[in-house]
file work.cif (mmCIF, C-alpha atoms)
data_structure
loop_
_atom_site.label_atom_id
_atom_site.label_comp_id
_atom_site.auth_asym_id
_atom_site.auth_seq_id
_atom_site.Cartn_x
_atom_site.Cartn_y
_atom_site.Cartn_z
CA MET G 18 131.06 -7.41 311.71
CA THR G 19 134.63 -6.35 310.99
CA THR G 20 136.46 -4.75 313.90
CA ILE G 21 138.04 -1.36 313.12
CA LEU G 22 141.24 -1.19 315.12
CA LYS G 23 142.15 2.01 316.95
CA THR G 24 145.07 3.88 315.40
CA PRO G 25 147.37 6.45 317.02
CA GLU G 26 146.17 10.02 317.29
CA GLY G 27 147.41 12.04 314.35
CA TRP G 28 147.22 9.27 311.78
CA PRO G 29 145.16 10.56 308.84
CA SER G 30 141.89 8.97 307.81
CA ILE G 31 141.12 9.08 304.10
CA LEU G 32 139.45 5.78 303.31
CA LEU G 33 137.56 5.34 306.57
CA ALA G 34 136.79 9.01 307.20
CA ARG G 35 133.03 8.35 307.01
CA ALA G 36 133.11 4.85 308.50
CA GLY G 37 130.87 4.39 311.50
CA ALA G 38 127.85 6.19 310.07
CA ALA G 39 124.57 4.92 311.47
CA ASP G 40 123.37 4.10 307.97
CA PRO G 41 126.12 3.87 305.33
CA ILE G 42 123.58 3.91 302.49
CA ASP G 43 121.88 7.13 303.65
CA LEU G 44 122.75 9.44 300.74
CA GLU G 45 121.63 12.62 302.51
CA ALA G 46 123.90 11.92 305.47
CA ALA G 47 126.77 10.93 303.18
CA THR G 48 126.52 14.10 301.08
CA HIS G 49 126.33 16.17 304.25
CA ALA G 50 129.64 14.53 305.24
CA GLY G 51 131.21 15.39 301.87
CA ALA G 52 130.23 12.57 299.52
CA PHE G 53 130.13 13.49 295.80
CA GLU G 54 131.82 16.84 296.33
CA GLY G 55 134.82 15.34 294.53
CA LEU G 56 132.66 14.37 291.57
CA ARG G 57 131.18 17.88 291.41
CA ARG G 58 134.64 19.45 291.39
CA ALA G 59 135.92 16.96 288.82
CA VAL G 60 133.11 17.87 286.41
CA ARG G 61 132.83 21.58 287.22
CA ASP G 62 136.46 22.63 287.73
CA LEU G 63 138.94 20.06 286.41
CA GLY G 64 137.53 18.27 283.40
CA PRO G 65 138.83 14.86 282.27
CA THR G 66 142.43 15.90 281.59
CA GLY G 67 142.57 17.90 284.80
CA VAL G 68 141.39 14.93 286.86
CA ILE G 69 144.05 12.68 285.35
CA ALA G 70 146.74 15.32 285.90
CA THR G 71 145.60 15.69 289.52
CA LEU G 72 145.79 11.94 290.11
CA ALA G 73 149.24 11.77 288.52
CA ALA G 74 150.50 14.64 290.68
CA SER G 75 149.17 13.01 293.84
CA GLY G 76 151.31 9.90 293.36
CA LEU G 77 148.35 7.58 294.04
CA ARG G 78 149.29 3.98 293.32
CA GLY G 79 146.97 1.02 292.93
CA ARG G 80 146.00 -0.59 296.24
CA GLY G 81 145.35 -4.00 294.67
CA GLY G 82 148.90 -5.13 295.36
CA SER G 83 150.97 -4.13 292.33
CA GLY G 84 151.20 -0.45 293.19
CA PHE G 85 151.01 0.78 289.58
CA PRO G 86 150.66 4.59 289.25
CA THR G 87 146.96 5.38 288.88
CA GLY G 88 147.34 8.53 286.80
CA GLU G 89 149.49 6.71 284.28
CA LYS G 90 146.91 3.94 283.91
CA TRP G 91 144.06 6.42 283.41
CA ARG G 92 146.03 8.47 280.89
CA SER G 93 146.83 5.35 278.90
CA CYS G 94 143.15 4.37 278.73
CA ALA G 95 141.89 7.87 277.93
CA GLY G 96 144.43 8.24 275.13
CA THR G 97 143.14 5.29 273.13
CA ASP G 98 141.05 5.66 270.01
CA ALA G 99 138.10 3.46 270.97
CA VAL G 100 134.34 3.61 270.63
CA ARG G 101 133.81 2.12 274.11
CA ARG G 102 135.76 2.19 277.35
CA PHE G 103 135.11 0.55 280.71
CA VAL G 104 136.07 1.08 284.34
CA VAL G 105 135.99 -1.91 286.69
CA ALA G 106 136.14 -1.66 290.48
CA ASN G 107 137.72 -4.83 291.85
CA ALA G 108 135.91 -5.65 295.08
CA TYR G 109 136.34 -9.38 294.71
CA ALA G 110 138.51 -9.67 297.86
CA ALA G 111 140.28 -12.84 296.75
CA ASP G 112 142.23 -13.42 299.97
CA PRO G 113 139.99 -15.30 302.43
CA ALA G 114 142.03 -13.93 305.35
CA SER G 115 141.55 -10.26 304.46
CA ARG G 116 138.39 -8.21 305.00
CA THR G 117 139.73 -4.82 303.88
CA ASP G 118 137.88 -4.39 300.57
CA LEU G 119 134.58 -5.87 301.69
CA ALA G 120 134.66 -3.84 304.90
CA LEU G 121 135.12 -0.67 302.86
CA ALA G 122 132.19 -1.65 300.62
CA GLU G 123 130.01 -2.17 303.68
CA LEU G 124 131.17 0.89 305.65
CA ASP G 125 131.26 3.50 302.88
CA PRO G 126 129.89 2.26 299.54
CA PHE G 127 129.39 5.84 298.34
CA ALA G 128 133.15 6.44 298.38
CA ILE G 129 133.60 3.56 295.93
CA VAL G 130 130.70 4.67 293.72
CA GLU G 131 131.95 8.27 293.62
CA GLY G 132 135.52 7.25 292.82
CA LEU G 133 134.23 4.98 290.07
CA ALA G 134 132.14 7.81 288.57
CA ILE G 135 135.14 10.15 288.59
CA ALA G 136 137.28 7.50 286.91
CA ALA G 137 134.67 6.88 284.21
CA PHE G 138 134.28 10.63 283.61
CA ALA G 139 138.05 11.08 283.35
CA VAL G 140 138.78 8.27 280.89
CA GLY G 141 135.60 8.63 278.84
CA ALA G 142 133.95 5.38 279.91
CA SER G 143 130.17 5.23 279.81
CA GLU G 144 130.02 1.81 281.47
CA ALA G 145 131.40 1.03 284.93
CA ILE G 146 131.22 -2.21 286.87
CA ILE G 147 131.72 -3.07 290.51
CA ALA G 148 132.85 -6.70 290.59
CA VAL G 149 132.24 -8.27 293.99
CA ARG G 150 132.40 -11.76 295.41
CA ALA G 151 129.01 -13.44 294.98
CA GLU G 152 129.03 -14.71 298.57
CA ALA G 153 129.44 -11.20 300.01
CA GLY G 154 125.73 -10.59 300.42
CA GLU G 155 125.86 -7.54 302.68
CA ALA G 156 128.49 -5.78 300.58
CA ILE G 157 126.44 -6.42 297.43
CA ARG G 158 123.26 -5.13 299.07
CA ARG G 159 124.90 -1.90 300.20
CA LEU G 160 126.71 -1.29 296.91
CA GLU G 161 123.51 -1.81 294.93
CA ALA G 162 121.64 0.55 297.27
CA ALA G 163 124.38 3.17 296.94
CA VAL G 164 124.35 2.92 293.13
CA ALA G 165 120.56 3.25 293.04
CA ALA G 166 120.55 6.26 295.38
CA ALA G 167 123.36 7.98 293.49
CA GLY G 168 121.54 7.42 290.22
CA GLU G 169 118.29 8.89 291.51
CA ALA G 170 120.18 11.96 292.75
CA GLY G 171 121.82 12.55 289.36
CA PHE G 172 125.34 11.52 290.37
CA LEU G 173 125.19 8.68 287.83
CA GLY G 174 123.38 8.14 284.55
CA GLY G 175 122.90 10.29 281.47
CA ASN G 176 124.53 13.72 281.11
CA LEU G 177 126.44 13.31 284.36
CA LEU G 178 126.05 16.58 286.33
CA GLY G 179 125.60 18.43 283.04
CA SER G 180 128.93 17.21 281.67
CA GLY G 181 127.47 15.73 278.51
CA ARG G 182 128.89 12.34 279.50
CA ASP G 183 126.93 9.25 280.47
CA VAL G 184 128.08 6.94 283.27
CA GLU G 185 126.08 3.82 284.05
CA VAL G 186 127.24 1.71 287.01
CA THR G 187 126.28 -1.91 287.66
CA VAL G 188 127.17 -4.24 290.51
CA ARG G 189 128.24 -7.63 289.19
CA PRO G 190 128.52 -10.56 291.63
CA VAL G 191 131.17 -12.97 290.37
CA GLN G 192 132.16 -16.45 291.41
CA GLY G 193 135.58 -17.96 291.12
CA ALA G 194 138.76 -18.69 292.97
CA TYR G 195 141.74 -16.83 294.41
CA MET G 196 142.96 -16.03 290.89
CA LEU G 197 140.16 -13.51 290.37
CA GLY G 198 142.24 -11.00 292.28
CA GLU G 199 144.38 -10.72 289.12
CA GLU G 200 142.90 -8.11 286.79
CA THR G 201 143.00 -10.03 283.50
CA VAL G 202 141.44 -13.07 285.21
CA LEU G 203 138.69 -10.88 286.65
CA LEU G 204 137.95 -9.48 283.20
CA LYS G 205 137.69 -13.00 281.79
CA ALA G 206 135.19 -13.87 284.52
CA LEU G 207 133.12 -10.77 283.68
CA GLU G 208 133.07 -11.89 280.05
CA GLY G 209 131.87 -15.34 281.08
CA SER G 210 135.14 -16.97 280.01
CA ARG G 211 137.46 -19.30 281.87
CA GLY G 212 139.37 -17.39 284.53
CA GLN G 213 142.96 -17.47 283.30
CA PRO G 214 145.47 -14.62 282.96
CA GLU G 215 146.45 -13.03 279.68
CA GLN G 216 149.95 -12.32 278.44
CA ARG G 217 150.86 -8.65 278.90
CA PRO G 218 151.38 -6.39 277.01
CA PRO G 219 148.87 -5.40 275.81
CA HIS G 220 147.52 -4.25 279.16
CA PRO G 221 143.82 -3.93 280.02
CA ALA G 222 144.10 -0.13 279.90
CA THR G 223 144.32 -0.46 276.12
CA HIS G 224 142.86 -3.95 275.50
CA GLY G 225 140.58 -5.10 278.31
CA LEU G 226 136.93 -6.07 278.70
CA ASP G 227 135.52 -7.20 275.34
CA GLY G 228 138.80 -6.04 273.80
CA MET G 229 138.07 -2.41 274.75
CA PRO G 230 140.25 -0.09 276.88
CA THR G 231 139.51 -0.84 280.53
CA VAL G 232 140.71 0.68 283.78
CA VAL G 233 140.70 -1.92 286.57
CA GLN G 234 141.21 -0.50 290.05
CA ASN G 235 140.96 -1.87 293.54
CA VAL G 236 138.10 -0.29 295.51
CA GLN G 237 140.54 1.33 297.94
CA THR G 238 142.23 3.13 295.07
CA LEU G 239 138.90 4.46 293.83
CA ALA G 240 137.77 5.49 297.32
CA ALA G 241 140.87 7.69 297.66
CA VAL G 242 140.15 9.57 294.42
CA PRO G 243 137.37 11.92 295.71
CA TRP G 244 139.53 12.94 298.68
CA ILE G 245 142.40 13.83 296.34
CA VAL G 246 140.15 15.88 294.04
CA VAL G 247 138.69 17.81 296.99
CA ASN G 248 141.84 18.33 299.04
CA GLY G 249 144.41 18.56 296.27
CA PRO G 250 147.27 16.31 295.16
CA GLU G 251 149.81 18.09 297.37
CA GLN G 252 147.98 17.19 300.58
CA PHE G 253 147.70 13.55 299.51
CA ALA G 254 151.37 13.39 298.50
CA ALA G 255 152.30 14.72 301.95
CA VAL G 256 150.75 11.65 303.63
CA GLY G 257 152.76 8.46 303.94
CA ALA G 258 155.94 7.59 302.06
CA THR G 259 157.38 9.76 299.30
CA ALA G 260 157.33 6.94 296.74
CA SER G 261 154.02 5.54 298.02
CA PRO G 262 151.85 8.36 299.37
CA GLY G 263 148.49 8.07 301.06
CA THR G 264 146.92 5.46 303.30
CA ILE G 265 145.92 1.84 302.85
CA LEU G 266 143.71 -0.61 304.70
CA VAL G 267 145.48 -3.43 306.49
CA SER G 268 143.92 -6.63 307.78
CA LEU G 269 145.64 -7.80 310.98
CA ARG G 270 145.35 -11.24 312.50
CA GLY G 271 147.27 -12.72 315.38
CA PRO G 272 147.02 -14.47 318.75
CA ALA G 273 145.86 -11.22 320.34
CA GLY G 274 142.93 -10.65 317.96
CA ASP G 275 142.15 -9.35 314.50
CA GLY G 276 140.60 -6.41 312.63
CA ILE G 277 141.36 -3.81 310.00
CA ALA G 278 143.11 -0.46 310.27
CA GLU G 279 143.88 2.48 308.00
CA VAL G 280 147.64 2.91 307.90
CA PRO G 281 149.82 5.56 306.24
CA LEU G 282 152.06 3.84 303.69
CA GLY G 283 155.64 3.86 304.90
CA THR G 284 154.69 3.08 308.51
CA PRO G 285 157.18 0.59 310.05
CA LEU G 286 155.80 -2.95 310.22
CA ARG G 287 156.42 -2.88 313.95
CA ASP G 288 153.89 -0.07 314.42
CA VAL G 289 151.35 -1.77 312.15
CA VAL G 290 151.60 -5.09 313.99
CA ALA G 291 151.21 -3.29 317.31
CA LEU G 292 147.68 -2.21 316.31
CA ALA G 293 146.45 -5.75 316.92
CA GLY G 294 147.47 -5.54 320.58
CA ALA G 295 149.98 -7.37 322.72
CA LEU G 296 150.60 -11.09 322.47
CA PRO G 297 149.58 -13.36 325.36
CA ALA G 298 151.90 -13.29 328.36
CA GLY G 299 155.14 -15.16 327.75
CA ARG G 300 154.76 -15.22 323.96
CA THR G 301 157.02 -13.44 321.47
CA VAL G 302 156.69 -12.61 317.77
CA LYS G 303 158.41 -15.23 315.67
CA ALA G 304 157.34 -14.11 312.19
CA VAL G 305 154.88 -11.96 310.29
CA LEU G 306 153.26 -13.16 307.07
CA VAL G 307 152.93 -10.07 304.88
CA GLY G 308 150.80 -10.10 301.73
CA GLY G 309 148.35 -12.97 302.09
CA PRO G 310 148.72 -16.64 301.07
CA SER G 311 151.45 -15.77 298.57
CA GLY G 312 153.15 -13.38 300.95
CA GLY G 313 156.59 -13.35 302.46
CA ILE G 314 157.37 -14.67 305.95
CA LEU G 315 159.47 -12.01 307.65
CA PRO G 316 161.42 -12.33 310.92
CA PRO G 317 161.24 -9.91 313.89
CA ASP G 318 164.48 -8.16 312.94
CA LEU G 319 162.73 -6.86 309.81
CA LEU G 320 159.86 -5.24 311.68
CA ASP G 321 161.37 -1.82 311.04
CA THR G 322 160.74 -2.35 307.31
CA PRO G 323 158.42 0.38 305.99
CA TYR G 324 155.02 -0.93 304.96
CA GLU G 325 155.12 0.25 301.35
CA PHE G 326 155.48 -1.34 297.94
CA GLY G 327 159.21 -1.02 297.25
CA ALA G 328 160.52 -1.77 300.73
CA LEU G 329 158.37 -4.88 301.12
CA ARG G 330 159.42 -6.23 297.72
CA ALA G 331 163.05 -5.74 298.65
CA ALA G 332 162.46 -7.74 301.83
CA GLY G 333 160.81 -10.60 299.93
CA ALA G 334 157.18 -9.75 300.72
CA HIS G 335 154.52 -7.55 299.11
CA VAL G 336 151.46 -5.49 299.98
CA GLY G 337 149.18 -7.99 298.24
CA SER G 338 145.78 -8.20 299.87
CA GLY G 339 146.82 -6.02 302.79
CA SER G 340 146.90 -9.04 305.09
CA LEU G 341 149.34 -9.29 308.00
CA ILE G 342 149.29 -12.44 310.11
CA VAL G 343 151.41 -12.53 313.26
CA ALA G 344 152.89 -15.89 314.28
CA ASP G 345 154.26 -16.29 317.79
CA ASP G 346 157.04 -18.56 319.03
CA ARG G 347 154.75 -21.62 318.98
CA ALA G 348 154.54 -21.59 315.17
CA CYS G 349 156.58 -23.75 312.83
CA ILE G 350 157.84 -21.80 309.82
CA VAL G 351 158.21 -24.93 307.70
CA ASP G 352 154.64 -26.00 308.40
CA LEU G 353 153.34 -22.49 307.68
CA ALA G 354 155.26 -22.22 304.39
CA ARG G 355 154.12 -25.72 303.38
CA LEU G 356 150.44 -24.92 303.96
CA LEU G 357 150.64 -21.61 302.11
CA THR G 358 152.43 -23.15 299.14
CA ARG G 359 149.86 -25.93 298.96
CA TYR G 360 147.06 -23.36 298.96
CA CYS G 361 148.70 -21.31 296.19
CA ALA G 362 149.30 -24.40 294.08
CA GLY G 363 145.72 -25.51 294.52
CA GLU G 364 144.40 -22.09 293.50
CA ALA G 365 146.56 -21.84 290.37
CA CYS G 366 144.60 -21.83 287.11
CA GLY G 367 147.01 -24.20 285.36
CA LYS G 368 147.48 -22.13 282.20
CA SER G 369 151.29 -22.17 282.20
CA ILE G 370 153.44 -25.26 282.69
CA PRO G 371 155.89 -23.67 285.19
CA CYS G 372 152.95 -22.76 287.40
CA ARG G 373 150.89 -25.90 286.92
CA ILE G 374 153.78 -28.30 287.50
CA GLY G 375 156.38 -26.13 289.23
CA THR G 376 154.20 -25.11 292.16
CA GLN G 377 153.23 -28.75 292.72
CA ARG G 378 156.92 -29.65 292.89
CA LEU G 379 157.36 -26.90 295.48
CA VAL G 380 154.53 -28.44 297.49
CA GLU G 381 156.28 -31.80 297.37
CA ILE G 382 159.50 -30.26 298.68
CA GLY G 383 157.56 -28.62 301.50
CA GLU G 384 155.82 -31.89 302.36
CA ARG G 385 159.16 -33.70 302.53
CA MET G 386 160.53 -30.97 304.80
CA ALA G 387 157.56 -31.27 307.16
CA SER G 388 157.64 -35.07 307.25
CA GLY G 389 161.37 -35.45 307.78
CA THR G 390 161.96 -37.16 304.43
CA SER G 391 163.93 -34.41 302.66
CA ARG G 392 166.53 -35.25 300.05
CA PRO G 393 170.05 -33.79 300.11
CA THR G 394 169.35 -31.92 296.88
CA ASP G 395 166.11 -30.30 298.10
CA PRO G 396 167.57 -26.93 299.19
CA THR G 397 169.21 -26.37 295.81
CA LEU G 398 166.19 -27.75 293.97
CA LEU G 399 163.86 -25.41 295.83
CA GLU G 400 165.94 -22.33 294.97
CA ASP G 401 166.42 -23.29 291.32
CA LEU G 402 162.80 -24.25 290.82
CA ALA G 403 161.54 -21.04 292.42
CA ALA G 404 163.84 -18.99 290.18
CA ASP G 405 162.56 -20.78 287.08
CA ILE G 406 158.92 -20.22 288.08
CA VAL G 407 159.50 -16.52 288.72
CA GLY G 408 161.46 -16.07 285.51
CA SER G 409 158.77 -17.58 283.30
CA ALA G 410 155.69 -16.41 285.22
CA LEU G 411 152.61 -15.35 283.27
CA CYS G 412 151.02 -13.54 286.22
CA ASP G 413 151.78 -12.36 289.73
CA HIS G 414 150.09 -15.35 291.35
CA GLU G 415 152.63 -17.67 289.78
CA ARG G 416 155.49 -15.32 290.59
CA LEU G 417 154.52 -14.76 294.20
CA ALA G 418 153.53 -18.34 295.03
CA THR G 419 157.23 -19.06 295.58
CA LEU G 420 157.58 -16.55 298.43
CA PRO G 421 156.46 -18.56 301.47
CA LEU G 422 159.10 -21.25 300.96
CA THR G 423 161.85 -18.98 299.66
CA THR G 424 161.49 -16.45 302.48
CA GLY G 425 161.28 -19.32 304.95
CA MET G 426 164.63 -20.56 303.62
CA ARG G 427 166.07 -17.06 303.55
CA TYR G 428 165.18 -15.92 307.06
CA PHE G 429 164.67 -19.12 309.04
CA ARG G 430 167.37 -21.36 307.59
CA SER G 431 168.34 -22.89 310.92
CA GLU G 432 164.77 -24.09 311.50
CA VAL G 433 164.56 -25.37 307.93
CA ASP G 434 167.84 -27.24 308.36
CA GLU G 435 166.56 -28.84 311.54
CA HIS G 436 163.73 -30.31 309.48
CA MET G 437 165.72 -31.17 306.38
CA LEU G 438 169.01 -32.37 307.83
CA ARG G 439 168.12 -33.69 311.27
CA GLY G 440 164.45 -34.58 310.86
CA VAL G 441 163.47 -32.48 313.90
CA CYS G 442 160.67 -29.91 314.24
CA PRO G 443 161.83 -27.48 316.99
CA ALA G 444 158.27 -26.23 317.51
CA GLY G 445 156.83 -29.74 317.74
CA VAL G 446 154.21 -28.87 315.13
CA CYS G 447 155.20 -31.27 312.34
CA ARG G 448 153.73 -34.35 314.01
CA ALA G 449 155.44 -36.99 311.91
CA ILE G 450 158.84 -35.57 312.80
CA ALA G 451 157.93 -34.94 316.45
CA ALA G 452 156.72 -38.51 316.89
CA THR G 453 159.85 -39.93 315.27
CA ALA G 454 162.13 -37.76 317.35
CA ALA G 455 160.30 -38.73 320.55
CA GLY G 456 160.59 -42.42 319.70
CA ALA G 457 164.30 -42.07 319.05
CA HIS G 458 164.85 -40.94 322.60
#
call {"tool": "encode", "arguments": {"input": "work.cif", "output": "structure tokens"}}
result
Amino acid sequence: MTTILKTPEGWPSILLARAGAADPIDLEAATHAGAFEGLRRAVRDLGPTGVIATLAASGLRGRGGSGFPTGEKWRSCAGTDAVRRFVVANAYAADPASRTDLALAELDPFAIVEGLAIAAFAVGASEAIIAVRAEAGEAIRRLEAAVAAAGEAGFLGGNLLGSGRDVEVTVRPVQGAYMLGEETVLLKALEGSRGQPEQRPPHPATHGLDGMPTVVQNVQTLAAVPWIVVNGPEQFAAVGATASPGTILVSLRGPAGDGIAEVPLGTPLRDVVALAGALPAGRTVKAVLVGGPSGGILPPDLLDTPYEFGALRAAGAHVGSGSLIVADDRACIVDLARLLTRYCAGEACGKSIPCRIGTQRLVEIGERMASGTSRPTDPTLLEDLAADIVGSALCDHERLATLPLTTGMRYFRSEVDEHMLRGVCPAGVCRAIAATAAGAH
């Protein structure tokens, strides 16, 4: 069971407001706590255009990592001239180190179902899909139960709450790799095709599933929608950062423990990291990996960076999967960057040459760094190769796979130079180097 970390008094709770219910698939208890009031107001008071305008005014941005404005995406989809439209809730949870999306599906599946129904109503989609990792048995069970209960109560199905619109929701278990976190890859998987990204534009909002307009949203984004409809866009915009309002779920992991927490966007990294508790006695924070396997490795002097889309990108990291991993002074940055780059290269789909070959070359540079066999040209080669990969990237996975090594070079250059120029691992983690250095003495 995922641990919900305690947050400071006064921090708002939007996504986990109903978490902790004795039975998260008890519809009567959920409606008593406010579930589906947002859907009622969307249908009764706002109408499709009003819902989209409300979302746009709130400033809600996608929680799947890219941070694209939700209202803009919905308006683009609704404005198409198409006979069919789809809405897809991305609950795949591609990052194996993050439990945020699956925990939300288990703790409050009705929030996801309600947000999905509102989205479908707003954009004119009669078909909605919750795509979830096939191995996530408990999340699938609870989502299916929530969909069935909502359908029996009239919150889904034909003539939705008397609106004249039909919304059918299905839960679709999908199998695949890390790349399924990317929306065009997920759509390919739902179509039964090979999971590879598509060139954009056109974007899925106009050309998505089966070539039809499709809104793809992370489950956290959808779960925030009912709260916004009920409480108003102004209240949501007042939470968090001006450019990135609202809250987001963060998965924390470190020597002191792990769990998830709901955090207002714009909160300094220092305060987010502190939620996981203190490090063991005598240990200090050496780095924080922000964004999952393709995240940036940030040093302690950047812990005052606001946890929000723009600030993290400027620092060389990203929100990504919402994963934050704390490394103490025993960690080796070179070894960490090498392992992450190898993982990203192994998970690449291989569609584009810069990704298929370029990421493997990055792995080779990292392996040489960790084994003490670096070449004099490796620092320049790493920077040039990373720039070429980013510049020609077909998708964010390819673009972001360069971050572990490039941020390692950027913020921990002295440690990198120890490996590359002197063949020494200061942390004693890179065993080949440590053994060689010990023998030299």
call {"tool": "closest_atom_pairs", "arguments": {"input": "work.cif", "of": "range 326-401 of chain G", "to": "range 111-135 of chain G", "cutoff": "7 Å", "atoms": "only C-alpha atoms", "output": "JSON lines"}}
result
{"residue": "G:Ser338", "atom": "CA", "partner": "G:Asp112", "partner_atom": "CA", "distance": 6.3}
{"residue": "G:Gly339", "atom": "CA", "partner": "G:Ser115", "partner_atom": "CA", "distance": 7.0}
{"residue": "G:Ser340", "atom": "CA", "partner": "G:Ser115", "partner_atom": "CA", "distance": 5.5}
call {"tool": "closest_atom_pairs", "arguments": {"input": "work.cif", "of": "range 19-96 of chain G", "to": "range 188-203 of chain G", "cutoff": "12 Å", "atoms": "all atoms listed in the file", "output": "tab-separated table"}}
result
residue	atom	partner	partner_atom	distance
G:Gly79	CA	G:Glu200	CA	11.7
G:Arg80	CA	G:Gly198	CA	11.8
G:Gly81	CA	G:Gly198	CA	8.0
G:Gly82	CA	G:Gly198	CA	9.4
G:Ser83	CA	G:Glu199	CA	9.9
call {"tool": "resolve_selection", "arguments": {"input": "work.cif", "expression": "the PyMOL selection byres ((chain G and resi 253) around 9)", "output": "list in words"}}
result
Ser75, Gly76, Leu77, Trp244, Ile245, Asn248, Gly249, Pro250, Glu251, Gln252, Ala254, Ala255, Val256, Gly257, Pro262, Gly263 and Thr264 of chain G
call {"tool": "resolve_selection", "arguments": {"input": "work.cif", "expression": "the PyMOL selection byres ((chain G and resi 419-425) around 10)", "output": "PyMOL selection string"}}
result
chain G and resi 304+306-316+332-335+350-358+361-362+372+375-376+379-380+382-383+396+399-400+402-404+406-407+414-418+426-433
call {"tool": "resolve_selection", "arguments": {"input": "work.cif", "expression": "the PyMOL selection byres ((chain G and resi 55) around 6)", "output": "MDAnalysis selection string"}}
result
chainID G and resid 53:54 56:58 243 246:247
call {"tool": "closest_residue", "arguments": {"input": "work.cif", "among": "G:Asp321, G:Asp413, G:Glu26, G:Glu161", "to": "Gly337 in chain G", "atoms": "all atoms listed in the file"}}
result
G:Asp413
call {"tool": "residues_near_point", "arguments": {"input": "work.cif", "point": "(138.8, -6.2, 315.2)", "cutoff": "9 Å", "atoms": "all atoms listed in the file", "output": "number ranges by chain"}}
result
G: 18-22, 269-270, 274-278, 293
call {"tool": "residues_near_point", "arguments": {"input": "work.cif", "point": "(139.5, 16.0, 286.1)", "cutoff": "8 Å", "atoms": "all atoms listed in the file", "output": "count of residues only"}}
result
17
call {"tool": "atom_distance", "arguments": {"input": "work.cif", "atom1": "CA of Asp345 in chain G", "atom2": "CA of Ser268 in chain G"}}
result
17.3 Å
call {"tool": "atom_distance", "arguments": {"input": "work.cif", "atom1": "CA of Gly181 in chain G", "atom2": "CA of Ala106 in chain G"}}
result
22.8 Å
call {"tool": "closest_residue", "arguments": {"input": "work.cif", "among": "G:Ala108, G:Val184, G:Met437, G:Ala36", "to": "Ile157 in chain G", "atoms": "all atoms listed in the file"}}
result
G:Ala108
call {"tool": "closest_residue", "arguments": {"input": "work.cif", "among": "G:Ile342, G:Gly225, G:Ala295, G:Arg61", "to": "Val104 in chain G", "atoms": "only C-alpha atoms"}}
result
G:Gly225
call {"tool": "atom_distance", "arguments": {"input": "work.cif", "atom1": "CA of Arg385 in chain G", "atom2": "CA of Ala331 in chain G"}}
result
28.5 Å
call {"tool": "build_atoms", "arguments": {"input": "work.cif", "residues": "range 426-438 of chain G", "atoms": "N, CA and C atoms", "output": "mmCIF file, in the frame of the given file"}}
result
data_model
loop_
_atom_site.group_PDB
_atom_site.id
_atom_site.type_symbol
_atom_site.label_atom_id
_atom_site.label_comp_id
_atom_site.auth_asym_id
_atom_site.auth_seq_id
_atom_site.Cartn_x
_atom_site.Cartn_y
_atom_site.Cartn_z
ATOM 1 N N MET G 426 163.229 -20.152 303.762
ATOM 2 C CA MET G 426 164.630 -20.560 303.620
ATOM 3 C C MET G 426 165.573 -19.394 303.905
ATOM 4 N N ARG G 427 165.195 -18.226 303.451
ATOM 5 C CA ARG G 427 166.070 -17.060 303.550
ATOM 6 C C ARG G 427 166.229 -16.567 304.978
ATOM 7 N N TYR G 428 165.148 -16.542 305.736
ATOM 8 C CA TYR G 428 165.180 -15.920 307.060
ATOM 9 C C TYR G 428 165.155 -16.915 308.219
ATOM 10 N N PHE G 429 164.778 -18.141 307.956
ATOM 11 C CA PHE G 429 164.670 -19.120 309.040
ATOM 12 C C PHE G 429 165.419 -20.395 308.664
ATOM 13 N N ARG G 430 166.615 -20.230 308.122
ATOM 14 C CA ARG G 430 167.370 -21.360 307.590
ATOM 15 C C ARG G 430 167.698 -22.383 308.667
ATOM 16 N N SER G 431 167.987 -21.926 309.872
ATOM 17 C CA SER G 431 168.340 -22.890 310.920
ATOM 18 C C SER G 431 167.164 -23.819 311.228
ATOM 19 N N GLU G 432 165.948 -23.273 311.244
ATOM 20 C CA GLU G 432 164.770 -24.090 311.500
ATOM 21 C C GLU G 432 164.502 -25.033 310.323
ATOM 22 N N VAL G 433 164.722 -24.530 309.114
ATOM 23 C CA VAL G 433 164.560 -25.370 307.930
ATOM 24 C C VAL G 433 165.570 -26.510 307.946
ATOM 25 N N ASP G 434 166.809 -26.195 308.302
ATOM 26 C CA ASP G 434 167.840 -27.240 308.360
ATOM 27 C C ASP G 434 167.543 -28.290 309.415
ATOM 28 N N GLU G 435 166.950 -27.872 310.520
ATOM 29 C CA GLU G 435 166.560 -28.840 311.540
ATOM 30 C C GLU G 435 165.602 -29.873 310.958
ATOM 31 N N HIS G 436 164.678 -29.401 310.127
ATOM 32 C CA HIS G 436 163.730 -30.310 309.480
ATOM 33 C C HIS G 436 164.407 -31.154 308.406
ATOM 34 N N MET G 437 165.205 -30.506 307.563
ATOM 35 C CA MET G 437 165.720 -31.170 306.380
ATOM 36 C C MET G 437 166.927 -32.063 306.669
ATOM 37 N N LEU G 438 167.766 -31.637 307.578
ATOM 38 C CA LEU G 438 169.010 -32.370 307.830
ATOM 39 C C LEU G 438 168.945 -33.294 309.031
#
